[in-house]
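This is run02.cif (mmCIF, C-alpha atoms).
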```cif
data_target
#
loop_
_atom_site.group_PDB
_atom_site.id
_atom_site.type_symbol
_atom_site.label_atom_id
_atom_site.label_comp_id
_atom_site.auth_asym_id
_atom_site.auth_seq_id
_atom_site.Cartn_x
_atom_site.Cartn_y
_atom_site.Cartn_z
ATOM 1 C CA MET L 1 90.986 103.510 144.224
ATOM 2 C CA ILE L 2 89.058 101.589 141.595
ATOM 3 C CA TYR L 3 86.531 103.600 139.601
ATOM 4 C CA THR L 4 83.090 102.137 139.122
ATOM 5 C CA SER L 5 80.946 103.828 136.516
ATOM 6 C CA PRO L 6 77.426 104.799 137.523
ATOM 7 C CA TYR L 7 76.440 103.833 133.959
ATOM 8 C CA PRO L 8 77.488 100.207 133.590
ATOM 9 C CA VAL L 9 77.053 98.498 130.235
ATOM 10 C CA LYS L 10 75.711 95.022 130.918
ATOM 11 C CA ASP L 11 75.479 93.908 127.295
ATOM 12 C CA PRO L 12 78.026 95.667 125.026
ATOM 13 C CA LEU L 13 76.656 94.087 121.834
ATOM 14 C CA LYS L 14 73.169 95.344 122.637
ATOM 15 C CA THR L 15 74.571 98.839 123.227
ATOM 16 C CA ILE L 16 76.477 98.757 119.923
ATOM 17 C CA ASN L 17 73.334 97.689 118.050
ATOM 18 C CA GLU L 18 71.320 100.451 119.732
ATOM 19 C CA LEU L 19 73.929 103.031 118.703
ATOM 20 C CA LYS L 20 73.876 101.715 115.124
ATOM 21 C CA SER L 21 70.106 102.182 114.989
ATOM 22 C CA LYS L 22 70.316 105.834 116.029
ATOM 23 C CA LYS L 23 70.957 108.875 113.829
ATOM 24 C CA GLY L 24 74.450 109.088 115.326
ATOM 25 C CA VAL L 25 76.482 110.021 118.357
ATOM 26 C CA ILE L 26 78.514 113.014 119.504
ATOM 27 C CA ILE L 27 81.854 112.352 121.143
ATOM 28 C CA PHE L 28 82.874 114.757 123.903
ATOM 29 C CA GLY L 29 86.627 115.174 124.057
ATOM 30 C CA THR L 30 89.124 115.419 121.223
ATOM 31 C CA GLY L 31 92.234 114.219 122.999
ATOM 32 C CA ASN L 32 93.692 110.733 122.765
ATOM 33 C CA CYS L 33 90.645 108.972 124.245
ATOM 34 C CA GLY L 34 88.237 110.910 122.046
ATOM 35 C CA GLN L 35 90.214 110.051 118.928
ATOM 36 C CA ILE L 36 90.474 106.383 119.903
ATOM 37 C CA THR L 37 86.716 106.368 120.498
ATOM 38 C CA LEU L 38 86.155 107.991 117.102
ATOM 39 C CA MET L 39 88.191 105.318 115.308
ATOM 40 C CA ALA L 40 86.469 102.505 117.227
ATOM 41 C CA LEU L 41 83.000 103.843 116.418
ATOM 42 C CA LYS L 42 83.904 104.278 112.753
ATOM 43 C CA ASP L 43 85.166 100.672 112.670
ATOM 44 C CA LEU L 44 81.836 99.566 114.153
ATOM 45 C CA LYS L 45 79.962 101.571 111.479
ATOM 46 C CA ILE L 46 78.403 103.864 114.100
ATOM 47 C CA ASN L 47 77.739 107.342 112.716
ATOM 48 C CA VAL L 48 79.597 110.128 114.516
ATOM 49 C CA LEU L 49 77.711 113.393 114.040
ATOM 50 C CA ALA L 50 80.295 115.667 115.646
ATOM 51 C CA LEU L 51 83.058 115.978 118.189
ATOM 52 C CA SER L 52 82.849 118.484 121.022
ATOM 53 C CA ASP L 53 85.447 119.885 123.374
ATOM 54 C CA ASN L 54 85.830 122.594 125.995
ATOM 55 C CA ASN L 55 89.024 123.758 124.254
ATOM 56 C CA MET L 56 87.896 126.675 122.070
ATOM 57 C CA HIS L 57 91.045 126.385 119.948
ATOM 58 C CA ARG L 58 89.693 123.130 118.522
ATOM 59 C CA TRP L 59 86.252 124.481 117.614
ATOM 60 C CA GLY L 60 85.644 124.771 113.886
ATOM 61 C CA LYS L 61 88.408 122.312 113.005
ATOM 62 C CA LYS L 62 87.952 118.773 111.742
ATOM 63 C CA ILE L 63 89.447 115.571 113.083
ATOM 64 C CA SER L 64 89.276 112.646 110.664
ATOM 65 C CA GLY L 65 86.665 114.576 108.710
ATOM 66 C CA ILE L 66 84.412 115.184 111.727
ATOM 67 C CA GLU L 67 83.692 118.761 112.823
ATOM 68 C CA VAL L 68 84.660 119.899 116.332
ATOM 69 C CA ILE L 69 81.972 122.051 117.924
ATOM 70 C CA SER L 70 81.578 123.835 121.245
ATOM 71 C CA PRO L 71 79.502 122.216 124.000
ATOM 72 C CA LYS L 72 76.920 124.994 123.526
ATOM 73 C CA GLN L 73 76.562 124.089 119.847
ATOM 74 C CA ILE L 74 75.547 120.521 120.725
ATOM 75 C CA LYS L 75 72.215 121.788 122.011
ATOM 76 C CA GLN L 76 71.802 124.278 119.148
ATOM 77 C CA LYS L 77 72.537 121.792 116.355
ATOM 78 C CA PHE L 78 71.215 118.506 117.722
ATOM 79 C CA SER L 79 68.238 119.221 120.006
#
```

Spit out the file's structure as structure tokens when you get a sec.
Amino acid sequence: MIYTSPYPVKDPLKTINELKSKKGVIIFGTGNCGQITLMALKDLKINVLALSDNNMHRWGKKISGIEVISPKQIKQKFS
């Protein structure tokens, strides 16, 4: 089976520029993909406000200087 995202990105450069113009982004997931995403966004000079994860053992820790928060805290801190 080939996965097709319901949120296709038609113009990646436009999306990157939009993200750069925002206050920042929150990455959900702190595993390998989340950490790769974090490094890629940092390389692109896109501000990462926080990381979030369902794993409560990661909450309150930092990964590459970015705080890991609970999903509930996303709404509390960034709404």

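Closest approach to His57 (chain L) among L:Ser70, L:Lys45, L:Ala40, L:Met1 is made by L:Ser70 (distances from only C-alpha atoms).
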
List the spatial neighbours of Gly31 (chain L) as a list in words - criterion: any atom at most 9 Å away, only C-alpha atoms, same-chain residues fewer than 4 positions off excluded.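 After dropping sequence-adjacent residues, the list is Gln35, Ile36 and Asp53 of chain L.
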
Show which residues sit within 8 Å of region 14-23 of chain L, as a PyMOL selection string. Count all atoms listed in the file, and ignore same-chain residues fewer than 5 positions away. chain L and resi 9+44-47

All residues 12 Å or closer to Leu49 (chain L), all atoms listed in the file, same chain fewer than 6 positions away omitted, as an mmCIF file with C-alpha atoms, keeping the file's coordinate frame:
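Saved file part21.cif follows:
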```cif
data_model
loop_
_atom_site.group_PDB
_atom_site.id
_atom_site.type_symbol
_atom_site.label_atom_id
_atom_site.label_comp_id
_atom_site.auth_asym_id
_atom_site.auth_seq_id
_atom_site.Cartn_x
_atom_site.Cartn_y
_atom_site.Cartn_z
ATOM 1 C CA LEU L 19 73.929 103.031 118.703
ATOM 2 C CA LYS L 22 70.316 105.834 116.029
ATOM 3 C CA LYS L 23 70.957 108.875 113.829
ATOM 4 C CA GLY L 24 74.450 109.088 115.326
ATOM 5 C CA VAL L 25 76.482 110.021 118.357
ATOM 6 C CA ILE L 26 78.514 113.014 119.504
ATOM 7 C CA ILE L 27 81.854 112.352 121.143
ATOM 8 C CA PHE L 28 82.874 114.757 123.903
ATOM 9 C CA LEU L 38 86.155 107.991 117.102
ATOM 10 C CA LEU L 41 83.000 103.843 116.418
ATOM 11 C CA LYS L 42 83.904 104.278 112.753
ATOM 12 C CA LYS L 62 87.952 118.773 111.742
ATOM 13 C CA ILE L 63 89.447 115.571 113.083
ATOM 14 C CA GLY L 65 86.665 114.576 108.710
ATOM 15 C CA ILE L 66 84.412 115.184 111.727
ATOM 16 C CA GLU L 67 83.692 118.761 112.823
ATOM 17 C CA VAL L 68 84.660 119.899 116.332
ATOM 18 C CA ILE L 69 81.972 122.051 117.924
ATOM 19 C CA ILE L 74 75.547 120.521 120.725
ATOM 20 C CA LYS L 77 72.537 121.792 116.355
ATOM 21 C CA PHE L 78 71.215 118.506 117.722
#
```

Which residue, L:Asp43, L:Ser64, L:Pro71, L:Pro8, has the smallest gap to Gly29 (chain L) when you use only C-alpha atoms? L:Pro71
